[in-house]
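Novice: Structure file entry.pdb, PDB, C-alpha atoms, is pasted below:
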ATOM      1  CA  MET C   1       0.000   0.000   0.000
ATOM      2  CA  SER C   2       1.381   3.374  -0.969
ATOM      3  CA  ASP C   3       2.170   5.809   1.864
ATOM      4  CA  GLN C   4       0.717   8.589  -0.303
ATOM      5  CA  ALA C   5      -2.591   6.945  -1.159
ATOM      6  CA  SER C   6      -5.462   9.488  -1.227
ATOM      7  CA  THR C   7      -8.046   6.899  -0.251
ATOM      8  CA  ILE C   8      -7.630   3.848   1.954
ATOM      9  CA  MET C   9     -10.506   1.409   1.819
ATOM     10  CA  VAL C  10     -10.619  -1.089   4.670
ATOM     11  CA  ASN C  11     -13.349  -2.349   6.972
ATOM     12  CA  THR C  12     -11.448  -2.141  10.235
ATOM     13  CA  LEU C  13      -8.453  -0.199  11.491
ATOM     14  CA  GLU C  14      -6.742  -1.493  14.608
ATOM     15  CA  PRO C  15      -3.465  -0.673  16.386
ATOM     16  CA  GLN C  16      -0.683  -3.076  15.528
ATOM     17  CA  SER C  17       0.035  -3.370  19.245
ATOM     18  CA  GLY C  18      -1.531  -2.056  22.413
ATOM     19  CA  THR C  19      -4.970  -0.438  22.523
ATOM     20  CA  THR C  20      -4.312   2.998  21.066
ATOM     21  CA  LEU C  21      -4.740   3.807  17.388
ATOM     22  CA  THR C  22      -3.145   7.131  16.444
ATOM     23  CA  VAL C  23      -4.413   9.048  13.429
ATOM     24  CA  GLY C  24      -2.581  12.173  12.282
ATOM     25  CA  LYS C  25       0.125  14.142  14.003
ATOM     26  CA  THR C  26       0.333  17.149  16.295
ATOM     27  CA  GLY C  27      -0.705  20.292  14.441
ATOM     28  CA  GLN C  28      -2.786  18.407  11.927
ATOM     29  CA  ASN C  29      -6.563  18.250  11.844
ATOM     30  CA  LEU C  30      -8.729  15.154  11.542
ATOM     31  CA  VAL C  31     -11.900  15.721   9.538
ATOM     32  CA  VAL C  32     -14.729  13.207   9.767
ATOM     33  CA  ASN C  33     -17.050  13.468   6.781
ATOM     34  CA  ALA C  34     -19.240  10.596   7.866
ATOM     35  CA  ASP C  35     -22.741  11.390   9.113
ATOM     36  CA  SER C  36     -22.095  10.110  12.622
ATOM     37  CA  LEU C  37     -19.276   9.206  14.958
ATOM     38  CA  LYS C  38     -19.949   6.353  17.375
ATOM     39  CA  ALA C  39     -18.060   6.100  20.656
ATOM     40  CA  ASN C  40     -19.013   5.639  24.280
ATOM     41  CA  VAL C  41     -16.383   8.025  25.581
ATOM     42  CA  VAL C  42     -15.297  11.333  24.098
ATOM     43  CA  LYS C  43     -12.054  12.690  25.554
ATOM     44  CA  ASP C  44      -9.952  15.802  25.114
ATOM     45  CA  ALA C  45      -6.313  15.762  23.988
ATOM     46  CA  GLY C  46      -5.251  15.270  27.591
ATOM     47  CA  GLY C  47      -7.314  12.107  27.928
ATOM     48  CA  ASN C  48      -9.979  13.692  30.127
ATOM     49  CA  ALA C  49     -13.533  12.446  29.542
ATOM     50  CA  ILE C  50     -15.957  15.031  28.158
ATOM     51  CA  PHE C  51     -18.927  12.696  27.700
ATOM     52  CA  THR C  52     -19.368   9.083  28.821
ATOM     53  CA  SER C  53     -22.281   6.982  27.613
ATOM     54  CA  ASP C  54     -23.333   3.490  28.596
ATOM     55  CA  GLY C  55     -23.812   2.594  24.937
ATOM     56  CA  SER C  56     -27.581   2.469  25.342
ATOM     57  CA  GLY C  57     -28.281   6.166  25.071
ATOM     58  CA  THR C  58     -27.734   7.080  28.709
ATOM     59  CA  LEU C  59     -24.983   9.502  29.678
ATOM     60  CA  SER C  60     -23.243   8.282  32.806
ATOM     61  CA  GLY C  61     -20.786  11.131  32.929
ATOM     62  CA  VAL C  62     -20.622  14.710  31.686
ATOM     63  CA  ASN C  63     -17.751  17.107  32.264
ATOM     64  CA  SER C  64     -18.584  19.474  35.110
ATOM     65  CA  ALA C  65     -18.205  22.492  32.831
ATOM     66  CA  PHE C  66     -21.572  21.546  31.324
ATOM     67  CA  GLY C  67     -24.688  22.581  33.211
ATOM     68  CA  SER C  68     -22.892  23.556  36.372
ATOM     69  CA  ALA C  69     -24.932  26.734  36.858
ATOM     70  CA  VAL C  70     -27.692  24.687  38.512
ATOM     71  CA  VAL C  71     -26.414  22.037  40.901
ATOM     72  CA  LEU C  72     -28.595  19.374  42.511
ATOM     73  CA  ILE C  73     -27.535  19.358  46.160
ATOM     74  CA  GLN C  74     -30.040  17.001  47.705
ATOM     75  CA  SER C  75     -33.267  15.161  46.887
ATOM     76  CA  GLN C  76     -35.606  13.770  49.519
ATOM     77  CA  THR C  77     -38.785  11.775  49.176
ATOM     78  CA  ALA C  78     -41.500  11.781  51.803
ATOM     79  CA  SER C  79     -43.534   8.627  52.289
ATOM     80  CA  ASN C  80     -46.268   9.341  54.805
ATOM     81  CA  SER C  81     -43.761  11.678  56.509
ATOM     82  CA  ALA C  82     -44.548  14.438  58.982
ATOM     83  CA  SER C  83     -41.929  16.780  57.501
ATOM     84  CA  ILE C  84     -38.877  17.088  55.279
ATOM     85  CA  SER C  85     -35.906  19.097  56.531
ATOM     86  CA  PHE C  86     -32.779  20.248  54.739
ATOM     87  CA  THR C  87     -30.145  20.872  57.392
ATOM     88  CA  SER C  88     -26.972  20.494  55.346
ATOM     89  CA  GLY C  89     -25.734  21.995  52.106
ATOM     90  CA  ILE C  90     -27.173  25.459  52.795
ATOM     91  CA  ASP C  91     -24.472  28.115  53.136
ATOM     92  CA  SER C  92     -22.947  31.039  51.238
ATOM     93  CA  THR C  93     -21.835  28.853  48.319
ATOM     94  CA  TYR C  94     -24.907  29.890  46.335
ATOM     95  CA  GLU C  95     -26.735  33.209  46.280
ATOM     96  CA  GLU C  96     -29.917  31.421  45.236
ATOM     97  CA  TYR C  97     -31.365  28.096  46.346
ATOM     98  CA  LEU C  98     -34.168  26.455  44.398
ATOM     99  CA  PHE C  99     -36.514  23.868  45.922
ATOM    100  CA  LYS C 100     -38.642  21.876  43.496
ATOM    101  CA  PHE C 101     -41.782  20.152  44.767
ATOM    102  CA  VAL C 102     -42.932  17.112  42.845
ATOM    103  CA  ASN C 103     -46.357  15.604  43.482
ATOM    104  CA  ILE C 104     -46.848  16.645  47.091
ATOM    105  CA  ASN C 105     -49.869  14.616  48.182
ATOM    106  CA  PRO C 106     -51.250  15.159  51.699
ATOM    107  CA  ALA C 107     -52.796  12.445  53.820
ATOM    108  CA  THR C 108     -55.408  14.920  55.083
ATOM    109  CA  ASN C 109     -57.759  16.554  52.601
ATOM    110  CA  GLU C 110     -57.748  20.324  52.071
ATOM    111  CA  THR C 111     -54.485  21.041  53.859
ATOM    112  CA  GLU C 112     -51.683  23.462  53.024
ATOM    113  CA  PHE C 113     -48.090  22.772  52.048
ATOM    114  CA  THR C 114     -45.853  25.058  54.107
ATOM    115  CA  PHE C 115     -42.261  25.981  54.963
ATOM    116  CA  GLN C 116     -40.309  27.659  57.748
ATOM    117  CA  VAL C 117     -36.594  28.206  58.350
ATOM    118  CA  ASN C 118     -34.135  28.201  61.208
ATOM    119  CA  ALA C 119     -31.336  30.752  61.454
ATOM    120  CA  THR C 120     -27.802  29.719  62.315
ATOM    121  CA  SER C 121     -27.290  29.098  66.033
ATOM    122  CA  GLN C 122     -31.032  29.505  66.697
ATOM    123  CA  SER C 123     -33.515  26.812  67.661
ATOM    124  CA  GLY C 124     -36.825  26.033  66.072
ATOM    125  CA  TYR C 125     -38.406  26.858  62.727
ATOM    126  CA  ASN C 126     -39.905  30.182  63.735
ATOM    127  CA  GLU C 127     -38.301  33.128  61.931
ATOM    128  CA  GLU C 128     -40.354  36.256  61.189
ATOM    129  CA  ILE C 129     -41.890  36.302  57.716
ATOM    130  CA  THR C 130     -43.658  39.060  55.826
ATOM    131  CA  SER C 131     -45.344  37.836  52.655
ATOM    132  CA  SER C 132     -48.062  38.414  50.099
ATOM    133  CA  ALA C 133     -49.913  35.906  47.934
ATOM    134  CA  MET C 134     -52.010  35.786  44.793
ATOM    135  CA  LYS C 135     -54.052  32.958  43.363
ATOM    136  CA  ALA C 136     -55.731  32.342  40.029
ATOM    137  CA  ARG C 137     -58.423  29.685  39.912
ATOM    138  CA  TYR C 138     -60.390  28.028  37.131
ATOM    139  CA  THR C 139     -62.822  25.166  37.514
ATOM    140  CA  GLU C 140     -63.234  22.178  35.224
ATOM    141  CA  ASN C 141     -66.803  23.216  34.444
ATOM    142  CA  GLY C 142     -65.718  26.770  33.670
ATOM    143  CA  SER C 143     -68.041  28.287  36.268
ATOM    144  CA  THR C 144     -65.349  30.159  38.185
ATOM    145  CA  ALA C 145     -62.415  32.072  36.775
ATOM    146  CA  VAL C 146     -60.804  34.247  39.434
ATOM    147  CA  TRP C 147     -57.564  36.079  40.062
ATOM    148  CA  GLU C 148     -57.394  37.421  43.576
ATOM    149  CA  TYR C 149     -55.257  38.339  46.551
ATOM    150  CA  ALA C 150     -55.051  35.425  48.989
ATOM    151  CA  THR C 151     -55.753  36.991  52.357
ATOM    152  CA  ASP C 152     -55.465  33.669  54.155
ATOM    153  CA  MET C 153     -51.909  33.042  52.971
ATOM    154  CA  ASP C 154     -50.042  36.247  53.819
ATOM    155  CA  GLN C 155     -48.138  37.141  56.971
ATOM    156  CA  ASN C 156     -46.803  40.346  58.466
ATOM    157  CA  GLN C 157     -43.900  39.574  60.770
ATOM    158  CA  GLY C 158     -45.527  36.220  61.504
ATOM    159  CA  THR C 159     -43.610  33.202  62.722
ATOM    160  CA  ALA C 160     -46.083  30.645  61.384
ATOM    161  CA  TYR C 161     -45.168  28.209  58.650
ATOM    162  CA  GLN C 162     -45.658  30.021  55.342
ATOM    163  CA  TRP C 163     -48.435  28.557  53.228
ATOM    164  CA  MET C 164     -47.440  27.741  49.657
ATOM    165  CA  SER C 165     -50.634  25.913  48.712
ATOM    166  CA  GLU C 166     -54.227  26.215  49.818
ATOM    167  CA  ASP C 167     -56.716  23.398  50.317
ATOM    168  CA  THR C 168     -54.576  20.819  48.562
ATOM    169  CA  GLY C 169     -56.606  17.697  47.924
ATOM    170  CA  ASN C 170     -55.670  14.240  49.167
ATOM    171  CA  GLU C 171     -57.280  12.348  46.300
ATOM    172  CA  ALA C 172     -54.996   9.774  44.722
ATOM    173  CA  ASP C 173     -54.725  11.831  41.545
ATOM    174  CA  ALA C 174     -54.315  15.204  43.283
ATOM    175  CA  SER C 175     -51.104  16.906  44.339
ATOM    176  CA  TYR C 176     -49.212  20.169  44.658
ATOM    177  CA  SER C 177     -46.222  20.812  42.426
ATOM    178  CA  GLY C 178     -44.121  23.938  42.244
ATOM    179  CA  GLN C 179     -40.946  25.633  43.282
ATOM    180  CA  LEU C 180     -39.515  27.949  45.918
ATOM    181  CA  HIS C 181     -36.627  30.325  45.228
ATOM    182  CA  MET C 182     -34.727  31.600  48.266
ATOM    183  CA  TYR C 183     -31.995  34.222  48.098
ATOM    184  CA  ASN C 184     -28.968  35.152  50.198
ATOM    185  CA  LEU C 185     -29.496  32.363  52.727
ATOM    186  CA  GLY C 186     -25.803  32.449  53.616
ATOM    187  CA  SER C 187     -25.708  36.218  54.003
ATOM    188  CA  THR C 188     -25.210  37.747  57.442
ATOM    189  CA  SER C 189     -26.260  41.244  56.336
ATOM    190  CA  LYS C 190     -29.387  40.863  54.182
ATOM    191  CA  VAL C 191     -32.934  39.679  54.863
ATOM    192  CA  LYS C 192     -33.854  36.574  52.893
ATOM    193  CA  ASN C 193     -36.191  37.092  49.940
ATOM    194  CA  PHE C 194     -38.246  34.233  48.576
ATOM    195  CA  ILE C 195     -40.639  33.546  45.699
ATOM    196  CA  VAL C 196     -43.047  30.607  45.379
ATOM    197  CA  ARG C 197     -44.955  29.504  42.309
ATOM    198  CA  GLY C 198     -47.057  26.372  42.255
ATOM    199  CA  GLN C 199     -50.079  24.522  40.971
ATOM    200  CA  ASP C 200     -52.465  23.186  43.542
ATOM    201  CA  ASP C 201     -55.133  20.575  42.849
ATOM    202  CA  LEU C 202     -58.368  20.373  44.738
ATOM    203  CA  GLY C 203     -60.955  18.234  43.092
ATOM    204  CA  ASP C 204     -62.259  20.124  40.112
ATOM    205  CA  GLN C 205     -60.122  23.235  39.866
ATOM    206  CA  ALA C 206     -56.702  24.445  38.809
ATOM    207  CA  LYS C 207     -55.122  26.863  41.237
ATOM    208  CA  ASP C 208     -52.036  28.866  40.318
ATOM    209  CA  ILE C 209     -50.569  30.267  43.535
ATOM    210  CA  SER C 210     -47.784  32.837  43.769
ATOM    211  CA  VAL C 211     -46.264  33.854  47.082
ATOM    212  CA  ALA C 212     -43.451  36.322  47.650
ATOM    213  CA  GLY C 213     -41.911  37.733  50.762
ATOM    214  CA  PHE C 214     -38.911  37.956  52.988
ATOM    215  CA  ILE C 215     -37.628  36.280  56.102
ATOM    216  CA  ASN C 216     -36.770  39.208  58.329
ATOM    217  CA  VAL C 217     -33.451  38.018  59.697
ATOM    218  CA  THR C 218     -29.965  39.033  58.673
ATOM    219  CA  ALA C 219     -28.363  35.980  60.270
ATOM    220  CA  ALA C 220     -27.574  33.141  57.907
ATOM    221  CA  ILE C 221     -30.248  30.488  57.355
ATOM    222  CA  ASP C 222     -29.008  26.912  57.339
ATOM    223  CA  ASP C 223     -32.170  24.841  57.926
ATOM    224  CA  VAL C 224     -35.353  24.738  55.864
ATOM    225  CA  GLN C 225     -38.341  22.559  56.772
ATOM    226  CA  PHE C 226     -41.465  21.637  54.806
ATOM    227  CA  LYS C 227     -44.689  20.098  56.106
ATOM    228  CA  MET C 228     -48.464  20.170  55.722
ATOM    229  CA  SER C 229     -50.642  22.363  57.923
ATOM    230  CA  SER C 230     -51.996  19.074  59.254
ATOM    231  CA  GLY C 231     -51.189  15.421  58.672
ATOM    232  CA  ASN C 232     -48.421  13.639  56.830
ATOM    233  CA  PHE C 233     -47.593  13.728  53.142
ATOM    234  CA  ASP C 234     -45.929  11.974  50.213
ATOM    235  CA  GLY C 235     -43.788  13.587  47.552
ATOM    236  CA  THR C 236     -40.322  14.605  46.487
ATOM    237  CA  ILE C 237     -38.417  17.804  47.220
ATOM    238  CA  LYS C 238     -35.202  18.586  45.363
ATOM    239  CA  MET C 239     -32.817  21.302  46.522
ATOM    240  CA  TYR C 240     -30.602  22.999  43.937
ATOM    241  CA  GLY C 241     -27.924  25.631  44.274
ATOM    242  CA  ILE C 242     -27.782  28.253  41.531
ATOM    243  CA  LYS C 243     -24.475  29.984  40.860
TER     244      LYS C 243
ATOM    245  CA  MET J   1     -49.120   5.424  65.207
ATOM    246  CA  PRO J   2     -45.713   7.107  65.523
ATOM    247  CA  ARG J   3     -44.792   9.831  63.060
ATOM    248  CA  PHE J   4     -41.544  10.021  61.106
ATOM    249  CA  LYS J   5     -39.716  12.986  59.636
ATOM    250  CA  MET J   6     -37.188  13.123  56.828
ATOM    251  CA  VAL J   7     -33.956  14.938  57.676
ATOM    252  CA  ASP J   8     -31.309  15.085  54.964
ATOM    253  CA  GLY J   9     -32.611  11.859  53.478
ATOM    254  CA  VAL J  10     -32.880   9.935  56.747
ATOM    255  CA  SER J  11     -36.240   8.895  58.212
ATOM    256  CA  ILE J  12     -36.316   9.658  61.939
ATOM    257  CA  GLN J  13     -39.095   8.944  64.421
ATOM    258  CA  LEU J  14     -40.469  12.054  66.132
ATOM    259  CA  THR J  15     -39.560  12.450  69.775
ATOM    260  CA  SER J  16     -42.264  12.522  72.403
ATOM    261  CA  ALA J  17     -41.995  16.309  72.604
ATOM    262  CA  GLU J  18     -42.207  16.613  68.819
ATOM    263  CA  GLU J  19     -45.258  14.324  68.776
ATOM    264  CA  THR J  20     -46.964  16.514  71.361
ATOM    265  CA  ALA J  21     -46.104  19.690  69.455
ATOM    266  CA  ARG J  22     -47.454  18.233  66.224
ATOM    267  CA  ASP J  23     -50.614  16.998  67.987
ATOM    268  CA  ASN J  24     -51.189  20.549  69.229
ATOM    269  CA  GLU J  25     -50.606  22.030  65.756
ATOM    270  CA  GLU J  26     -53.051  19.611  64.170
ATOM    271  CA  ALA J  27     -55.645  20.198  66.888
ATOM    272  CA  ALA J  28     -55.389  23.959  66.353
ATOM    273  CA  TRP J  29     -55.697  23.510  62.596
ATOM    274  CA  ALA J  30     -58.769  21.312  63.023
ATOM    275  CA  ALA J  31     -60.328  23.775  65.456
ATOM    276  CA  GLY J  32     -59.973  26.537  62.890
ATOM    277  CA  GLU J  33     -61.664  24.617  60.078
ATOM    278  CA  ASP J  34     -65.038  26.334  60.405
ATOM    279  CA  ASP J  35     -63.497  29.805  60.643
ATOM    280  CA  ARG J  36     -61.379  29.178  57.534
ATOM    281  CA  ALA J  37     -64.383  27.956  55.570
ATOM    282  CA  LEU J  38     -66.501  30.948  56.590
ATOM    283  CA  ALA J  39     -63.691  33.383  55.801
ATOM    284  CA  SER J  40     -63.248  31.782  52.399
ATOM    285  CA  MET J  41     -66.984  32.084  51.726
ATOM    286  CA  ARG J  42     -66.982  35.779  52.649
ATOM    287  CA  GLU J  43     -63.904  36.374  50.504
ATOM    288  CA  ASP J  44     -65.636  34.739  47.542
ATOM    289  CA  ARG J  45     -68.864  36.589  48.298
ATOM    290  CA  ASN J  46     -67.073  39.924  48.444
ATOM    291  CA  ARG J  47     -65.388  39.258  45.116
ATOM    292  CA  ARG J  48     -68.739  38.486  43.487
ATOM    293  CA  LEU J  49     -70.199  41.677  44.923
ATOM    294  CA  ALA J  50     -67.230  43.668  43.659
ATOM    295  CA  ASP J  51     -67.717  42.147  40.208
ATOM    296  CA  THR J  52     -71.184  43.749  40.058
ATOM    297  CA  ASP J  53     -70.445  47.028  41.852
ATOM    298  CA  TRP J  54     -70.355  48.942  38.598
ATOM    299  CA  TYR J  55     -74.058  48.219  38.059
ATOM    300  CA  GLY J  56     -74.562  50.708  40.895
ATOM    301  CA  SER J  57     -72.851  53.543  39.041
ATOM    302  CA  SER J  58     -74.793  56.816  39.080
ATOM    303  CA  ASP J  59     -75.389  56.738  35.333
ATOM    304  CA  LEU J  60     -76.926  53.233  35.398
ATOM    305  CA  THR J  61     -80.184  51.833  36.741
ATOM    306  CA  MET J  62     -79.658  48.512  38.500
ATOM    307  CA  SER J  63     -82.151  45.849  37.463
ATOM    308  CA  ALA J  64     -84.398  44.188  40.036
ATOM    309  CA  ASP J  65     -82.708  40.849  39.322
ATOM    310  CA  MET J  66     -79.276  42.328  39.998
ATOM    311  CA  THR J  67     -80.507  43.982  43.178
ATOM    312  CA  THR J  68     -81.903  40.645  44.374
ATOM    313  CA  TYR J  69     -78.694  38.833  43.402
ATOM    314  CA  ARG J  70     -76.541  41.251  45.357
ATOM    315  CA  GLN J  71     -78.806  41.059  48.401
ATOM    316  CA  ASP J  72     -78.725  37.242  48.244
ATOM    317  CA  LEU J  73     -74.937  37.429  48.208
ATOM    318  CA  ARG J  74     -74.917  39.670  51.254
ATOM    319  CA  ASP J  75     -77.274  37.294  53.056
ATOM    320  CA  LEU J  76     -75.426  34.123  52.095
ATOM    321  CA  PRO J  77     -73.181  33.806  55.184
ATOM    322  CA  SER J  78     -76.083  34.489  57.535
ATOM    323  CA  GLY J  79     -76.807  31.559  59.832
ATOM    324  CA  LYS J  80     -73.826  29.575  58.635
ATOM    325  CA  THR J  81     -71.426  28.611  61.381
ATOM    326  CA  THR J  82     -69.683  25.453  60.181
ATOM    327  CA  LYS J  83     -67.707  24.197  57.195
ATOM    328  CA  ALA J  84     -70.572  21.780  56.501
ATOM    329  CA  HIS J  85     -72.910  24.758  56.171
ATOM    330  CA  VAL J  86     -70.492  26.421  53.750
ATOM    331  CA  ASP J  87     -70.064  23.259  51.685
ATOM    332  CA  ALA J  88     -73.847  22.866  51.448
ATOM    333  CA  ALA J  89     -74.517  26.503  50.523
ATOM    334  CA  THR J  90     -76.178  27.275  47.218
ATOM    335  CA  TRP J  91     -74.736  30.355  45.595
ATOM    336  CA  PRO J  92     -77.181  32.695  43.830
ATOM    337  CA  THR J  93     -76.972  32.775  40.059
ATOM    338  CA  LYS J  94     -75.709  36.002  38.563
ATOM    339  CA  PRO J  95     -78.328  37.581  36.266
ATOM    340  CA  ALA J  96     -77.396  38.745  32.783
ATOM    341  CA  ALA J  97     -77.660  42.413  33.806
TER     342      ALA J  97
END
Translate the structure of the given file into structure tokens.
Specialist:
Amino acid sequence: MSDQASTIMVNTLEPQSGTTLTVGKTGQNLVVNADSLKANVVKDAGGNAIFTSDGSGTLSGVNSAFGSAVVLIQSQTASNSASISFTSGIDSTYEEYLFKFVNINPATNETEFTFQVNATSQSGYNEEITSSAMKARYTENGSTAVWEYATDMDQNQGTAYQWMSEDTGNEADASYSGQLHMYNLGSTSKVKNFIVRGQDDLGDQAKDISVAGFINVTAAIDDVQFKMSSGNFDGTIKMYGIK
Amino acid sequence: MPRFKMVDGVSIQLTSAEETARDNEEAAWAAGEDDRALASMREDRNRRLADTDWYGSSDLTMSADMTTYRQDLRDLPSGKTTKAHVDAATWPTKPAA
């Protein structure tokens, strides 16, 4: 075979020895004109993995430079639990923490999904909260379409657990899903702002609930607890840090 | 039946003091059920009244049906003291005008 052949036609190329097949030299470029390139691991020139697949379409590893702006810190699943608490992983690493609520289903009908926090070196989930809330409702039969201030959900310097849902149903197909953004939890100079947005099922109506407010403490917050206003609940809560 | 809480992914049984505190919270929540239902009814009633306030503008003449509807709304909470009363209430139908 000529060492200057413009086209080499073979079915398989393998290294003569070892497990590494080298194509081209430093400073040269390798162009692949084929429609696809199949490999389970893609590495950089230094041998560091960029992507790793299991060969069945599932990525088992992705370089941390991808998607690192939102980091899953912890996921917890309640199974007839009285509460879920996050007491680790909350500090000044992230300016924003995001809690995602997936299919929160109470054991007791028409109860509220709530949260409170505990400041560093304090005891109990009882910090002062000032908040406001809005809800939009629409029934399956179309009889009620309302957007209104939720007077039963707000607080002014209250230490109660903050409602994020209202009258959440305990039917098997009902649940609350949504998310809570909390800011500056690790700060020792700012109050802690938060925003909630969620969808709340009760029987025959959709309920879009928005809550916003602040936790009126400048001390750092390192514990966050979630529970129903009464009874236990099922569901998953994921805590993310956002850079 | 003992209660359990999830803390950082670990299921932990509530202490006796925590059980008592939760019992008290749930008892208070249950005791407030009627008040919450009645407050919700009044909130809804007030919204429906506000929706028809403009029929009372000085350059309009409110129809008899609308007057009756608004009075029925005002009277709706009367005599109702429990959540069962609220759940069983029949709301007046809003007239066309």
Novice: Write down, as a short mmCIF file (atom, residue, chain, number, x, y, z; two decimals) with C-alpha atoms, in the coordinates of the input, each residue of chain C that has any atom within 7 Å of an atom of chain J, counting all atoms listed in the file.
Specialist:
data_model
loop_
_atom_site.label_atom_id
_atom_site.label_comp_id
_atom_site.auth_asym_id
_atom_site.auth_seq_id
_atom_site.Cartn_x
_atom_site.Cartn_y
_atom_site.Cartn_z
CA GLN C 76 -35.61 13.77 49.52
CA ALA C 78 -41.50 11.78 51.80
CA SER C 81 -43.76 11.68 56.51
CA ALA C 82 -44.55 14.44 58.98
CA SER C 83 -41.93 16.78 57.50
CA ILE C 84 -38.88 17.09 55.28
CA SER C 85 -35.91 19.10 56.53
CA PHE C 86 -32.78 20.25 54.74
CA THR C 87 -30.14 20.87 57.39
CA SER C 88 -26.97 20.49 55.35
CA SER C 229 -50.64 22.36 57.92
CA SER C 230 -52.00 19.07 59.25
#
Novice: Which residues would end up in the selection if the PyMOL selection byres ((chain J and resi 80) around 12) were applied here, given that I need the answer as an mmCIF file with C-alpha atoms, keeping the file's coordinate frame?
Specialist:
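Listing of out.cif after writing:
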data_model
loop_
_atom_site.group_PDB
_atom_site.id
_atom_site.type_symbol
_atom_site.label_atom_id
_atom_site.label_comp_id
_atom_site.auth_asym_id
_atom_site.auth_seq_id
_atom_site.Cartn_x
_atom_site.Cartn_y
_atom_site.Cartn_z
ATOM 1 C CA ASP J 34 -65.038 26.334 60.405
ATOM 2 C CA ASP J 35 -63.497 29.805 60.643
ATOM 3 C CA ALA J 37 -64.383 27.956 55.570
ATOM 4 C CA LEU J 38 -66.501 30.948 56.590
ATOM 5 C CA ALA J 39 -63.691 33.383 55.801
ATOM 6 C CA MET J 41 -66.984 32.084 51.726
ATOM 7 C CA ARG J 42 -66.982 35.779 52.649
ATOM 8 C CA ASP J 75 -77.274 37.294 53.056
ATOM 9 C CA LEU J 76 -75.426 34.123 52.095
ATOM 10 C CA PRO J 77 -73.181 33.806 55.184
ATOM 11 C CA SER J 78 -76.083 34.489 57.535
ATOM 12 C CA GLY J 79 -76.807 31.559 59.832
ATOM 13 C CA THR J 81 -71.426 28.611 61.381
ATOM 14 C CA THR J 82 -69.683 25.453 60.181
ATOM 15 C CA LYS J 83 -67.707 24.197 57.195
ATOM 16 C CA ALA J 84 -70.572 21.780 56.501
ATOM 17 C CA HIS J 85 -72.910 24.758 56.171
ATOM 18 C CA VAL J 86 -70.492 26.421 53.750
ATOM 19 C CA ASP J 87 -70.064 23.259 51.685
ATOM 20 C CA ALA J 88 -73.847 22.866 51.448
ATOM 21 C CA ALA J 89 -74.517 26.503 50.523
ATOM 22 C CA THR J 90 -76.178 27.275 47.218
#
Novice: Report as a list in words all protein, DNA and RNA residues lying within 12 Å of Asn48 (chain C), evaluated on all atoms listed in the file, omitting residues in the same chain fewer than 3 positions from it.
Specialist: Val41, Val42, Lys43, Asp44, Ala45, Phe51, Thr52, Gly61, Val62, Asn63 and Ser64 of chain C
Novice: Could you list, as a PyMOL selection string, every residue within 7 Å of region 135-152 of chain C, counting all atoms listed in the file and ignoring same-chain residues fewer than 6 positions away?
Specialist: chain C and resi 204-210
Novice: Hey, can you check how far CA of Asp201 (chain C) sits from CA of Phe113 (chain C)?
Specialist: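 Computing the Euclidean distance for CA of Asp201 (chain C) and CA of Phe113 (chain C) yields 11.8 Å.
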Novice: Select, counting all atoms listed in the file, all protein, DNA and RNA residues no farther than 12 Å from (-82.7, 37.7, 43.0) in file coordinates, and express the selection as a PyMOL selection string.
Specialist: chain J and resi 63-75+91-97
